>>> print(open('structure28.cif').read())   # mmCIF, N, CA, C and O atoms
data_run
loop_
_atom_site.label_atom_id
_atom_site.label_comp_id
_atom_site.auth_asym_id
_atom_site.auth_seq_id
_atom_site.Cartn_x
_atom_site.Cartn_y
_atom_site.Cartn_z
N VAL F 1 15.49 29.89 -28.12
CA VAL F 1 15.87 29.12 -26.96
C VAL F 1 14.60 28.65 -26.27
O VAL F 1 13.69 29.44 -26.02
N GLN F 2 14.55 27.37 -25.98
CA GLN F 2 13.39 26.79 -25.31
C GLN F 2 13.85 26.23 -23.98
O GLN F 2 14.85 25.51 -23.91
N THR F 3 13.13 26.56 -22.93
CA THR F 3 13.44 26.02 -21.61
C THR F 3 12.21 25.31 -21.07
O THR F 3 11.09 25.57 -21.49
N GLY F 4 12.42 24.43 -20.14
CA GLY F 4 11.30 23.71 -19.54
C GLY F 4 11.74 22.37 -19.01
O GLY F 4 12.92 22.06 -18.97
N THR F 5 10.78 21.59 -18.63
CA THR F 5 11.06 20.25 -18.13
C THR F 5 10.26 19.26 -18.93
O THR F 5 9.23 19.57 -19.51
N GLU F 6 10.74 18.06 -18.96
CA GLU F 6 10.06 16.97 -19.67
C GLU F 6 9.56 15.97 -18.65
O GLU F 6 10.30 15.57 -17.75
N THR F 7 8.32 15.57 -18.78
CA THR F 7 7.73 14.59 -17.88
C THR F 7 7.59 13.27 -18.62
O THR F 7 7.06 13.23 -19.72
N ILE F 8 8.09 12.23 -18.00
CA ILE F 8 7.99 10.89 -18.59
C ILE F 8 7.07 10.07 -17.70
O ILE F 8 7.30 9.95 -16.50
N ARG F 9 6.04 9.51 -18.28
CA ARG F 9 5.12 8.65 -17.54
C ARG F 9 5.13 7.27 -18.17
O ARG F 9 5.16 7.15 -19.39
N SER F 10 5.09 6.27 -17.33
CA SER F 10 4.98 4.91 -17.85
C SER F 10 3.97 4.17 -16.99
O SER F 10 3.76 4.49 -15.84
N SER F 11 3.37 3.19 -17.59
CA SER F 11 2.39 2.37 -16.89
C SER F 11 2.82 0.92 -17.03
O SER F 11 3.06 0.45 -18.14
N ASP F 12 2.96 0.25 -15.91
CA ASP F 12 3.41 -1.14 -15.90
C ASP F 12 2.44 -1.99 -15.09
O ASP F 12 1.85 -1.51 -14.13
N SER F 13 2.33 -3.25 -15.46
CA SER F 13 1.52 -4.15 -14.66
C SER F 13 2.34 -4.63 -13.46
O SER F 13 3.55 -4.68 -13.50
N THR F 14 1.63 -4.93 -12.39
CA THR F 14 2.27 -5.33 -11.15
C THR F 14 1.61 -6.59 -10.62
O THR F 14 0.39 -6.71 -10.65
N ALA F 15 2.41 -7.51 -10.15
CA ALA F 15 1.89 -8.69 -9.46
C ALA F 15 2.68 -8.84 -8.17
O ALA F 15 3.89 -8.61 -8.15
N GLY F 16 2.00 -9.18 -7.09
CA GLY F 16 2.71 -9.29 -5.83
C GLY F 16 1.88 -9.93 -4.74
O GLY F 16 0.74 -10.32 -4.95
N VAL F 17 2.49 -10.01 -3.57
CA VAL F 17 1.84 -10.56 -2.38
C VAL F 17 2.13 -9.65 -1.19
O VAL F 17 3.13 -8.94 -1.19
N PHE F 18 1.24 -9.67 -0.21
CA PHE F 18 1.47 -8.90 1.01
C PHE F 18 0.92 -9.66 2.20
O PHE F 18 0.02 -10.49 2.08
N ALA F 19 1.51 -9.39 3.36
CA ALA F 19 1.04 -9.96 4.61
C ALA F 19 1.24 -8.91 5.69
O ALA F 19 2.18 -8.12 5.63
N GLY F 20 0.34 -8.90 6.66
CA GLY F 20 0.48 -7.90 7.70
C GLY F 20 -0.37 -8.21 8.91
O GLY F 20 -1.05 -9.24 8.98
N TYR F 21 -0.30 -7.30 9.86
CA TYR F 21 -1.06 -7.42 11.09
C TYR F 21 -1.61 -6.05 11.43
O TYR F 21 -0.88 -5.04 11.37
N ARG F 22 -2.89 -6.00 11.79
CA ARG F 22 -3.53 -4.77 12.24
C ARG F 22 -4.20 -5.01 13.58
O ARG F 22 -4.72 -6.09 13.83
N HIS F 23 -4.20 -3.96 14.40
CA HIS F 23 -4.83 -4.05 15.72
C HIS F 23 -5.68 -2.80 15.92
O HIS F 23 -5.21 -1.68 15.72
N GLN F 24 -6.94 -3.01 16.31
CA GLN F 24 -7.84 -1.88 16.55
C GLN F 24 -7.80 -1.51 18.03
O GLN F 24 -8.04 -2.34 18.90
N LEU F 25 -7.48 -0.25 18.29
CA LEU F 25 -7.43 0.28 19.65
C LEU F 25 -8.83 0.75 20.06
O LEU F 25 -9.74 0.84 19.23
N VAL F 26 -8.99 1.09 21.31
CA VAL F 26 -10.26 1.63 21.80
C VAL F 26 -10.55 2.94 21.06
O VAL F 26 -9.67 3.77 20.87
N GLY F 27 -11.78 3.09 20.59
CA GLY F 27 -12.16 4.31 19.90
C GLY F 27 -12.09 4.23 18.38
O GLY F 27 -12.41 5.20 17.72
N GLY F 28 -11.63 3.13 17.82
CA GLY F 28 -11.64 2.96 16.38
C GLY F 28 -10.32 3.18 15.67
O GLY F 28 -10.20 2.92 14.48
N THR F 29 -9.29 3.66 16.38
CA THR F 29 -7.98 3.83 15.76
C THR F 29 -7.38 2.46 15.46
O THR F 29 -7.44 1.55 16.29
N VAL F 30 -6.79 2.32 14.27
CA VAL F 30 -6.19 1.06 13.85
C VAL F 30 -4.72 1.31 13.53
O VAL F 30 -4.38 2.26 12.82
N ILE F 31 -3.83 0.46 14.07
CA ILE F 31 -2.42 0.53 13.74
C ILE F 31 -2.00 -0.82 13.18
O ILE F 31 -2.62 -1.85 13.48
N GLY F 32 -0.95 -0.83 12.35
CA GLY F 32 -0.53 -2.09 11.78
C GLY F 32 0.82 -2.02 11.10
O GLY F 32 1.42 -0.95 10.97
N VAL F 33 1.28 -3.19 10.67
CA VAL F 33 2.52 -3.32 9.91
C VAL F 33 2.23 -4.23 8.72
O VAL F 33 1.32 -5.06 8.75
N GLU F 34 3.02 -4.06 7.66
CA GLU F 34 2.82 -4.86 6.46
C GLU F 34 4.15 -5.07 5.76
O GLU F 34 4.97 -4.16 5.68
N ALA F 35 4.34 -6.26 5.23
CA ALA F 35 5.49 -6.57 4.37
C ALA F 35 4.93 -6.98 3.02
O ALA F 35 3.90 -7.67 2.95
N SER F 36 5.59 -6.55 1.95
CA SER F 36 5.08 -6.89 0.62
C SER F 36 6.22 -7.11 -0.36
O SER F 36 7.31 -6.57 -0.19
N TYR F 37 5.93 -7.92 -1.36
CA TYR F 37 6.85 -8.13 -2.48
C TYR F 37 6.03 -7.94 -3.75
O TYR F 37 4.92 -8.47 -3.87
N ALA F 38 6.59 -7.20 -4.70
CA ALA F 38 5.91 -7.00 -5.99
C ALA F 38 6.94 -6.99 -7.11
O ALA F 38 8.08 -6.59 -6.91
N ARG F 39 6.50 -7.41 -8.27
CA ARG F 39 7.30 -7.33 -9.49
C ARG F 39 6.64 -6.25 -10.33
O ARG F 39 5.51 -6.42 -10.82
N VAL F 40 7.31 -5.09 -10.46
CA VAL F 40 6.73 -3.93 -11.12
C VAL F 40 7.52 -3.65 -12.40
O VAL F 40 8.65 -3.18 -12.34
N GLY F 41 6.91 -3.94 -13.56
CA GLY F 41 7.56 -3.65 -14.83
C GLY F 41 8.96 -4.23 -14.96
O GLY F 41 9.84 -3.59 -15.50
N GLY F 42 9.21 -5.41 -14.43
CA GLY F 42 10.52 -6.03 -14.51
C GLY F 42 11.43 -5.75 -13.34
O GLY F 42 12.53 -6.29 -13.26
N ASP F 43 11.04 -4.87 -12.42
CA ASP F 43 11.84 -4.55 -11.24
C ASP F 43 11.19 -5.13 -9.99
O ASP F 43 9.97 -5.17 -9.87
N ASP F 44 12.02 -5.54 -9.03
CA ASP F 44 11.52 -6.06 -7.76
C ASP F 44 11.28 -4.92 -6.78
O ASP F 44 11.97 -3.91 -6.80
N SER F 45 10.31 -5.12 -5.90
CA SER F 45 10.01 -4.17 -4.84
C SER F 45 9.69 -4.96 -3.59
O SER F 45 8.76 -5.76 -3.58
N THR F 46 10.48 -4.76 -2.54
CA THR F 46 10.24 -5.40 -1.25
C THR F 46 10.08 -4.29 -0.21
O THR F 46 11.01 -3.52 0.01
N ARG F 47 8.89 -4.20 0.38
CA ARG F 47 8.58 -3.07 1.27
C ARG F 47 8.21 -3.53 2.67
O ARG F 47 7.55 -4.55 2.84
N LEU F 48 8.62 -2.73 3.64
CA LEU F 48 8.18 -2.87 5.03
C LEU F 48 7.49 -1.56 5.37
O LEU F 48 8.10 -0.49 5.27
N MET F 49 6.22 -1.65 5.79
CA MET F 49 5.41 -0.44 5.98
C MET F 49 4.70 -0.47 7.34
O MET F 49 4.28 -1.52 7.81
N ALA F 50 4.53 0.71 7.92
CA ALA F 50 3.69 0.91 9.10
C ALA F 50 2.41 1.59 8.63
O ALA F 50 2.43 2.35 7.66
N GLN F 51 1.30 1.29 9.29
CA GLN F 51 0.00 1.85 8.88
C GLN F 51 -0.73 2.40 10.10
O GLN F 51 -0.60 1.88 11.20
N GLY F 52 -1.50 3.44 9.86
CA GLY F 52 -2.36 3.99 10.89
C GLY F 52 -3.63 4.51 10.25
O GLY F 52 -3.57 5.17 9.21
N GLY F 53 -4.77 4.16 10.82
CA GLY F 53 -6.04 4.58 10.23
C GLY F 53 -7.14 4.64 11.26
O GLY F 53 -6.90 4.53 12.47
N TYR F 54 -8.36 4.80 10.77
CA TYR F 54 -9.52 4.89 11.64
C TYR F 54 -10.64 4.05 11.04
O TYR F 54 -11.04 4.26 9.90
N SER F 55 -11.16 3.11 11.82
CA SER F 55 -12.21 2.22 11.36
C SER F 55 -13.56 2.93 11.27
O SER F 55 -13.99 3.57 12.23
N LEU F 56 -14.19 2.83 10.12
CA LEU F 56 -15.53 3.37 9.90
C LEU F 56 -16.46 2.20 9.58
O LEU F 56 -17.02 2.11 8.49
N GLY F 57 -16.57 1.28 10.51
CA GLY F 57 -17.37 0.07 10.29
C GLY F 57 -16.63 -0.87 9.35
O GLY F 57 -15.58 -1.37 9.68
N ARG F 58 -17.16 -1.07 8.14
CA ARG F 58 -16.56 -1.98 7.16
C ARG F 58 -15.48 -1.31 6.32
O ARG F 58 -14.84 -1.94 5.49
N VAL F 59 -15.25 0.00 6.53
CA VAL F 59 -14.31 0.77 5.72
C VAL F 59 -13.15 1.24 6.61
O VAL F 59 -13.37 1.72 7.71
N LEU F 60 -11.92 1.11 6.09
CA LEU F 60 -10.74 1.54 6.82
C LEU F 60 -9.87 2.43 5.93
O LEU F 60 -9.12 1.94 5.10
N PRO F 61 -9.97 3.76 6.08
CA PRO F 61 -9.00 4.63 5.42
C PRO F 61 -7.73 4.67 6.28
O PRO F 61 -7.81 4.66 7.51
N TYR F 62 -6.55 4.69 5.64
CA TYR F 62 -5.31 4.67 6.40
C TYR F 62 -4.19 5.42 5.68
O TYR F 62 -4.24 5.64 4.47
N LEU F 63 -3.20 5.83 6.46
CA LEU F 63 -1.96 6.39 5.96
C LEU F 63 -0.87 5.35 6.18
O LEU F 63 -0.95 4.56 7.13
N THR F 64 0.14 5.35 5.33
CA THR F 64 1.20 4.37 5.45
C THR F 64 2.55 5.01 5.16
O THR F 64 2.63 5.98 4.39
N ALA F 65 3.58 4.51 5.81
CA ALA F 65 4.94 4.99 5.59
C ALA F 65 5.90 3.84 5.87
O ALA F 65 5.64 3.00 6.73
N GLY F 66 7.00 3.81 5.13
CA GLY F 66 7.96 2.74 5.34
C GLY F 66 9.14 2.86 4.42
O GLY F 66 9.53 3.95 4.01
N TYR F 67 9.67 1.69 4.05
CA TYR F 67 10.92 1.65 3.28
C TYR F 67 10.86 0.55 2.24
O TYR F 67 10.37 -0.55 2.51
N ASP F 68 11.34 0.85 1.04
CA ASP F 68 11.47 -0.14 -0.02
C ASP F 68 12.91 -0.62 -0.04
O ASP F 68 13.82 0.14 -0.39
N LEU F 69 13.13 -1.85 0.38
CA LEU F 69 14.48 -2.40 0.50
C LEU F 69 15.16 -2.56 -0.85
O LEU F 69 16.36 -2.32 -0.99
N ALA F 70 14.43 -2.99 -1.87
CA ALA F 70 15.01 -3.24 -3.19
C ALA F 70 15.41 -1.94 -3.89
O ALA F 70 16.40 -1.89 -4.62
N GLN F 71 14.64 -0.87 -3.68
CA GLN F 71 14.92 0.40 -4.33
C GLN F 71 15.69 1.36 -3.44
O GLN F 71 16.02 2.47 -3.86
N ASP F 72 15.93 0.98 -2.18
CA ASP F 72 16.63 1.82 -1.20
C ASP F 72 16.00 3.21 -1.14
O ASP F 72 16.66 4.23 -1.33
N ALA F 73 14.67 3.23 -0.87
CA ALA F 73 13.93 4.50 -0.87
C ALA F 73 12.85 4.49 0.20
O ALA F 73 12.26 3.45 0.49
N GLN F 74 12.59 5.67 0.76
CA GLN F 74 11.46 5.83 1.68
C GLN F 74 10.17 5.83 0.87
O GLN F 74 10.14 6.29 -0.27
N VAL F 75 9.11 5.29 1.47
CA VAL F 75 7.81 5.18 0.81
C VAL F 75 6.74 5.75 1.73
O VAL F 75 6.80 5.56 2.94
N TYR F 76 5.78 6.47 1.16
CA TYR F 76 4.64 6.94 1.93
C TYR F 76 3.41 6.93 1.03
O TYR F 76 3.52 6.88 -0.19
N GLY F 77 2.24 6.95 1.66
CA GLY F 77 1.02 6.94 0.86
C GLY F 77 -0.23 6.84 1.71
O GLY F 77 -0.21 7.09 2.92
N ALA F 78 -1.31 6.47 1.04
CA ALA F 78 -2.61 6.35 1.68
C ALA F 78 -3.39 5.24 0.99
O ALA F 78 -3.11 4.88 -0.15
N GLY F 79 -4.36 4.71 1.71
CA GLY F 79 -5.17 3.65 1.12
C GLY F 79 -6.52 3.56 1.79
O GLY F 79 -6.81 4.26 2.76
N ILE F 80 -7.33 2.69 1.23
CA ILE F 80 -8.65 2.43 1.81
C ILE F 80 -8.95 0.95 1.58
O ILE F 80 -8.75 0.42 0.50
N ASP F 81 -9.37 0.27 2.63
CA ASP F 81 -9.77 -1.13 2.56
C ASP F 81 -11.24 -1.23 2.95
O ASP F 81 -11.72 -0.48 3.81
N VAL F 82 -11.94 -2.16 2.32
CA VAL F 82 -13.36 -2.39 2.58
C VAL F 82 -13.54 -3.89 2.86
O VAL F 82 -13.05 -4.73 2.10
N ALA F 83 -14.25 -4.21 3.95
CA ALA F 83 -14.58 -5.60 4.25
C ALA F 83 -15.72 -6.03 3.33
O ALA F 83 -16.85 -5.58 3.47
N LEU F 84 -15.40 -6.90 2.37
CA LEU F 84 -16.41 -7.40 1.43
C LEU F 84 -17.25 -8.50 2.07
O LEU F 84 -18.45 -8.60 1.79
N THR F 85 -16.61 -9.32 2.88
CA THR F 85 -17.28 -10.34 3.71
C THR F 85 -16.56 -10.33 5.06
O THR F 85 -15.70 -9.49 5.31
N ARG F 86 -16.88 -11.30 5.92
CA ARG F 86 -16.18 -11.38 7.21
C ARG F 86 -14.68 -11.62 7.04
O ARG F 86 -13.89 -11.23 7.86
N ARG F 87 -14.29 -12.29 5.98
CA ARG F 87 -12.89 -12.67 5.77
C ARG F 87 -12.22 -11.97 4.58
O ARG F 87 -11.02 -11.84 4.56
N LEU F 88 -12.95 -11.57 3.58
CA LEU F 88 -12.40 -11.03 2.33
C LEU F 88 -12.36 -9.50 2.35
O LEU F 88 -13.37 -8.86 2.63
N LEU F 89 -11.18 -8.94 2.06
CA LEU F 89 -10.98 -7.49 2.01
C LEU F 89 -10.63 -7.06 0.59
O LEU F 89 -9.87 -7.74 -0.09
N GLY F 90 -11.12 -5.93 0.18
CA GLY F 90 -10.74 -5.32 -1.08
C GLY F 90 -10.27 -3.91 -0.79
O GLY F 90 -10.70 -3.29 0.19
N GLY F 91 -9.38 -3.40 -1.62
CA GLY F 91 -8.91 -2.05 -1.35
C GLY F 91 -8.11 -1.44 -2.47
O GLY F 91 -7.77 -2.10 -3.46
N LEU F 92 -7.82 -0.17 -2.29
CA LEU F 92 -6.95 0.59 -3.19
C LEU F 92 -5.89 1.27 -2.35
O LEU F 92 -6.17 1.73 -1.24
N ALA F 93 -4.67 1.35 -2.88
CA ALA F 93 -3.58 2.01 -2.17
C ALA F 93 -2.77 2.83 -3.15
O ALA F 93 -2.52 2.41 -4.28
N TYR F 94 -2.37 4.02 -2.71
CA TYR F 94 -1.48 4.89 -3.48
C TYR F 94 -0.20 5.06 -2.67
O TYR F 94 -0.26 5.36 -1.48
N THR F 95 0.95 4.82 -3.30
CA THR F 95 2.23 5.03 -2.62
C THR F 95 3.18 5.78 -3.54
O THR F 95 3.07 5.72 -4.77
N LYS F 96 4.12 6.47 -2.92
CA LYS F 96 5.14 7.22 -3.66
C LYS F 96 6.49 6.94 -3.02
O LYS F 96 6.64 7.03 -1.81
N ALA F 97 7.46 6.57 -3.86
CA ALA F 97 8.84 6.34 -3.44
C ALA F 97 9.74 7.10 -4.42
O ALA F 97 9.72 6.82 -5.62
N ASP F 98 10.52 8.05 -3.93
CA ASP F 98 11.31 8.93 -4.79
C ASP F 98 10.39 9.55 -5.82
O ASP F 98 9.42 10.19 -5.47
N ASP F 99 10.65 9.33 -7.10
CA ASP F 99 9.80 9.89 -8.15
C ASP F 99 8.80 8.87 -8.70
O ASP F 99 8.09 9.15 -9.66
N ALA F 100 8.75 7.67 -8.14
CA ALA F 100 7.87 6.62 -8.64
C ALA F 100 6.58 6.57 -7.83
O ALA F 100 6.60 6.50 -6.61
N GLU F 101 5.46 6.63 -8.51
CA GLU F 101 4.15 6.52 -7.88
C GLU F 101 3.53 5.19 -8.27
O GLU F 101 3.73 4.70 -9.38
N ARG F 102 2.75 4.62 -7.35
CA ARG F 102 2.09 3.35 -7.63
C ARG F 102 0.66 3.38 -7.08
O ARG F 102 0.43 3.80 -5.96
N ILE F 103 -0.28 2.92 -7.88
CA ILE F 103 -1.67 2.73 -7.45
C ILE F 103 -1.94 1.23 -7.55
O ILE F 103 -1.75 0.63 -8.59
N GLU F 104 -2.38 0.65 -6.44
CA GLU F 104 -2.60 -0.79 -6.37
C GLU F 104 -4.06 -1.11 -6.05
O GLU F 104 -4.65 -0.48 -5.18
N ALA F 105 -4.60 -2.08 -6.74
CA ALA F 105 -5.87 -2.70 -6.34
C ALA F 105 -5.48 -3.94 -5.56
O ALA F 105 -4.64 -4.73 -6.00
N ARG F 106 -6.06 -4.11 -4.38
CA ARG F 106 -5.63 -5.18 -3.47
C ARG F 106 -6.80 -6.06 -3.08
O ARG F 106 -7.92 -5.60 -2.94
N LEU F 107 -6.50 -7.33 -2.87
CA LEU F 107 -7.47 -8.30 -2.39
C LEU F 107 -6.79 -9.09 -1.30
O LEU F 107 -5.69 -9.62 -1.50
N GLY F 108 -7.39 -9.15 -0.11
CA GLY F 108 -6.77 -9.82 1.01
C GLY F 108 -7.73 -10.75 1.74
O GLY F 108 -8.96 -10.62 1.63
N TRP F 109 -7.16 -11.66 2.48
CA TRP F 109 -7.90 -12.63 3.28
C TRP F 109 -7.56 -12.42 4.76
O TRP F 109 -6.40 -12.43 5.12
N ARG F 110 -8.56 -12.20 5.57
CA ARG F 110 -8.37 -11.98 7.02
C ARG F 110 -8.46 -13.33 7.74
O ARG F 110 -9.46 -14.04 7.61
N TRP F 111 -7.45 -13.65 8.52
CA TRP F 111 -7.46 -14.90 9.28
C TRP F 111 -8.15 -14.69 10.54
O TRP F 111 -8.34 -14.63 11.47
#
>>> encode(input="structure28.cif", output="C-alpha coordinates")
Amino acid sequence: VQTGTETIRSSDSTAGVFAGYRHQLVGGTVIGVEASYARVGGDDSTRLMAQGGYSLGRVLPYLTAGYDLAQDAQVYGAGIDVALTRRLLGGLAYTKADDAERIEARLGWRW
(Lines of atoms letter the chains of each structure in order from A and count residues from 1; the text may use other names and numbers.)
(Lines give C-alpha, C1' and ligand atoms only; values in the text may rest on other atoms or scores of the structure.)
Protein backbone atom coordinates (compact mmCIF):
# COMPACT_ATOMS: atom_id res chain seq x y z
CA VAL A 1 0.00 0.00 0.00
CA GLN A 2 1.38 3.37 -1.02
CA THR A 3 0.09 6.63 0.39
CA GLY A 4 1.03 10.20 -0.38
CA THR A 5 0.17 13.18 -2.48
CA GLU A 6 0.94 14.03 -6.06
CA THR A 7 2.14 17.48 -7.04
CA ILE A 8 1.40 18.76 -10.52
CA ARG A 9 3.34 21.76 -11.78
CA SER A 10 2.86 23.51 -15.07
CA SER A 11 4.51 26.48 -16.64
CA ASP A 12 2.59 28.72 -19.03
CA SER A 13 3.41 31.92 -20.84
CA THR A 14 1.43 34.99 -19.89
CA ALA A 15 0.65 38.19 -21.75
CA GLY A 16 -1.32 41.03 -20.25
CA VAL A 17 -1.77 44.68 -19.40
CA PHE A 18 -2.12 46.59 -16.14
CA ALA A 19 -2.99 50.10 -15.03
CA GLY A 20 -3.00 51.63 -11.60
CA TYR A 21 -2.47 54.56 -9.32
CA ARG A 22 0.00 54.95 -6.45
CA HIS A 23 0.31 57.74 -3.92
CA GLN A 24 3.30 58.34 -1.64
CA LEU A 25 2.41 59.48 1.87
CA VAL A 26 4.67 61.46 4.21
CA GLY A 27 7.52 59.26 5.40
CA GLY A 28 7.83 57.03 2.32
CA THR A 29 4.75 54.81 2.69
CA VAL A 30 3.12 54.13 -0.69
CA ILE A 31 -0.48 52.98 -1.22
CA GLY A 32 -2.16 52.15 -4.50
CA VAL A 33 -4.68 50.25 -6.57
CA GLU A 34 -4.24 48.26 -9.77
CA ALA A 35 -6.43 46.58 -12.36
CA SER A 36 -4.99 43.97 -14.70
CA TYR A 37 -5.96 41.57 -17.46
CA ALA A 38 -3.82 38.59 -18.45
CA ARG A 39 -4.14 35.54 -20.67
CA VAL A 40 -2.47 32.71 -18.73
CA GLY A 41 -2.10 29.39 -20.55
CA GLY A 42 -5.41 29.82 -22.38
CA ASP A 43 -7.33 31.13 -19.35
CA ASP A 44 -8.36 34.74 -18.68
CA SER A 45 -7.46 36.56 -15.48
CA THR A 46 -8.98 39.92 -14.52
CA ARG A 47 -7.74 41.25 -11.18
CA LEU A 48 -8.44 44.21 -8.93
CA MET A 49 -5.67 44.68 -6.37
CA ALA A 50 -4.73 47.01 -3.50
CA GLN A 51 -1.04 47.66 -2.82
CA GLY A 52 0.98 48.95 0.09
CA GLY A 53 4.73 49.42 0.24
CA TYR A 54 7.63 51.59 1.30
CA SER A 55 9.71 53.72 -1.07
CA LEU A 56 13.47 53.15 -0.89
CA GLY A 57 14.45 55.82 -3.41
CA ARG A 58 14.23 54.16 -6.85
CA VAL A 59 13.08 50.82 -5.38
CA LEU A 60 9.56 50.02 -4.14
CA PRO A 61 8.94 46.71 -2.36
CA TYR A 62 5.21 46.15 -1.81
CA LEU A 63 2.53 43.72 -0.64
CA THR A 64 -0.65 43.25 -2.62
CA ALA A 65 -4.08 41.72 -2.05
CA GLY A 66 -7.26 41.63 -4.08
CA TYR A 67 -9.62 39.54 -6.15
CA ASP A 68 -9.49 37.71 -9.47
CA LEU A 69 -12.89 38.22 -11.08
CA ALA A 70 -12.45 35.59 -13.82
CA GLN A 71 -11.33 32.85 -11.42
CA ASP A 72 -13.59 33.94 -8.52
CA ALA A 73 -10.66 33.77 -6.09
CA GLN A 74 -8.85 35.93 -3.56
CA VAL A 75 -5.31 36.89 -4.56
CA TYR A 76 -2.33 37.97 -2.44
CA GLY A 77 1.37 38.41 -3.02
CA ALA A 78 4.41 40.65 -3.04
CA GLY A 79 6.45 42.51 -5.58
CA ILE A 80 9.27 44.92 -6.19
CA ASP A 81 9.42 47.74 -8.73
CA VAL A 82 12.52 49.68 -9.75
CA ALA A 83 12.55 53.08 -11.49
CA LEU A 84 14.77 52.46 -14.54
CA THR A 85 14.34 56.07 -15.73
CA ARG A 86 12.07 58.95 -14.67
CA ARG A 87 9.18 57.33 -16.56
CA LEU A 88 10.06 53.63 -17.09
CA LEU A 89 9.50 51.04 -14.33
CA GLY A 90 10.60 47.43 -14.23
CA GLY A 91 9.60 44.87 -11.67
CA LEU A 92 8.82 41.38 -10.49
CA ALA A 93 5.63 40.24 -8.77
CA TYR A 94 4.61 36.99 -7.11
CA THR A 95 0.91 36.27 -6.54
CA LYS A 96 -1.08 33.30 -5.31
CA ALA A 97 -4.78 32.61 -5.94
CA ASP A 98 -6.19 29.34 -4.54
CA ASP A 99 -3.59 26.77 -5.60
CA ALA A 100 -2.27 28.76 -8.58
CA GLU A 101 0.97 30.72 -8.22
CA ARG A 102 2.22 33.29 -10.71
CA ILE A 103 5.55 35.09 -11.10
CA GLU A 104 5.44 38.08 -13.43
CA ALA A 105 8.12 40.25 -14.99
CA ARG A 106 6.57 43.69 -15.46
CA LEU A 107 7.37 46.79 -17.46
CA GLY A 108 5.42 49.98 -16.85
CA TRP A 109 5.26 53.61 -17.93
CA ARG A 110 4.71 56.34 -15.32
CA TRP A 111 2.62 59.30 -16.51
>>> select_by_dssp(input="structure28.cif", residues="segment 11-109 of chain F", states="strand (DSSP E)", output="ChimeraX atom specification")
/F:14-24,29-40,43-54,59-68,73-83,88-97,100-109
>>> residues_around(input="structure28.cif", residues="Gly90 of chain F", least_positions_apart="4", cutoff="5 Å", atoms="all atoms listed in the file", output="PyMOL selection string")
chain F and resi 80-82+84+106-108
>>> resolve_selection(input="structure28.cif", expression="the PyMOL selection byres ((chain F and resi 95-97) around 6)", output="JSON, numbers by chain")
{"F": [73, 74, 75, 76, 77, 78, 93, 94, 98, 99, 100, 101, 102, 103]}
>>> closest_residue(input="structure28.cif", among="F:Gln24, F:Thr85, F:Phe18, F:Glu104", to="Arg58 of chain F", atoms="only N, CA, C and O atoms")
F:Thr85
>>> resolve_selection(input="structure28.cif", expression="the PyMOL selection byres ((chain F and resi 42-51) around 8)", output="PyMOL selection string")
chain F and resi 12-23+30-41+52-53+61-77
>>> atom_distance(input="structure28.cif", atom1="atom CA of Gly27 of chain F", atom2="atom CA of Leu56 of chain F")
10.6 Å
>>> atom_distance(input="structure28.cif", atom1="atom CA of Arg86 of chain F", atom2="atom CA of Gly57 of chain F")
11.9 Å
>>> atom_distance(input="structure28.cif", atom1="atom CA of Gly91 of chain F", atom2="atom CA of Trp111 of chain F")
16.7 Å
>>> axis_aligned_box(input="structure28.cif", around="segment 40-50 of chain F", padding_each_side="8 Å", output="lines of an AutoDock Vina configuration file")
center_x = 7.5
center_y = -2.0
center_z = -3.2
size_x = 26.1
size_y = 24.6
size_z = 40.6
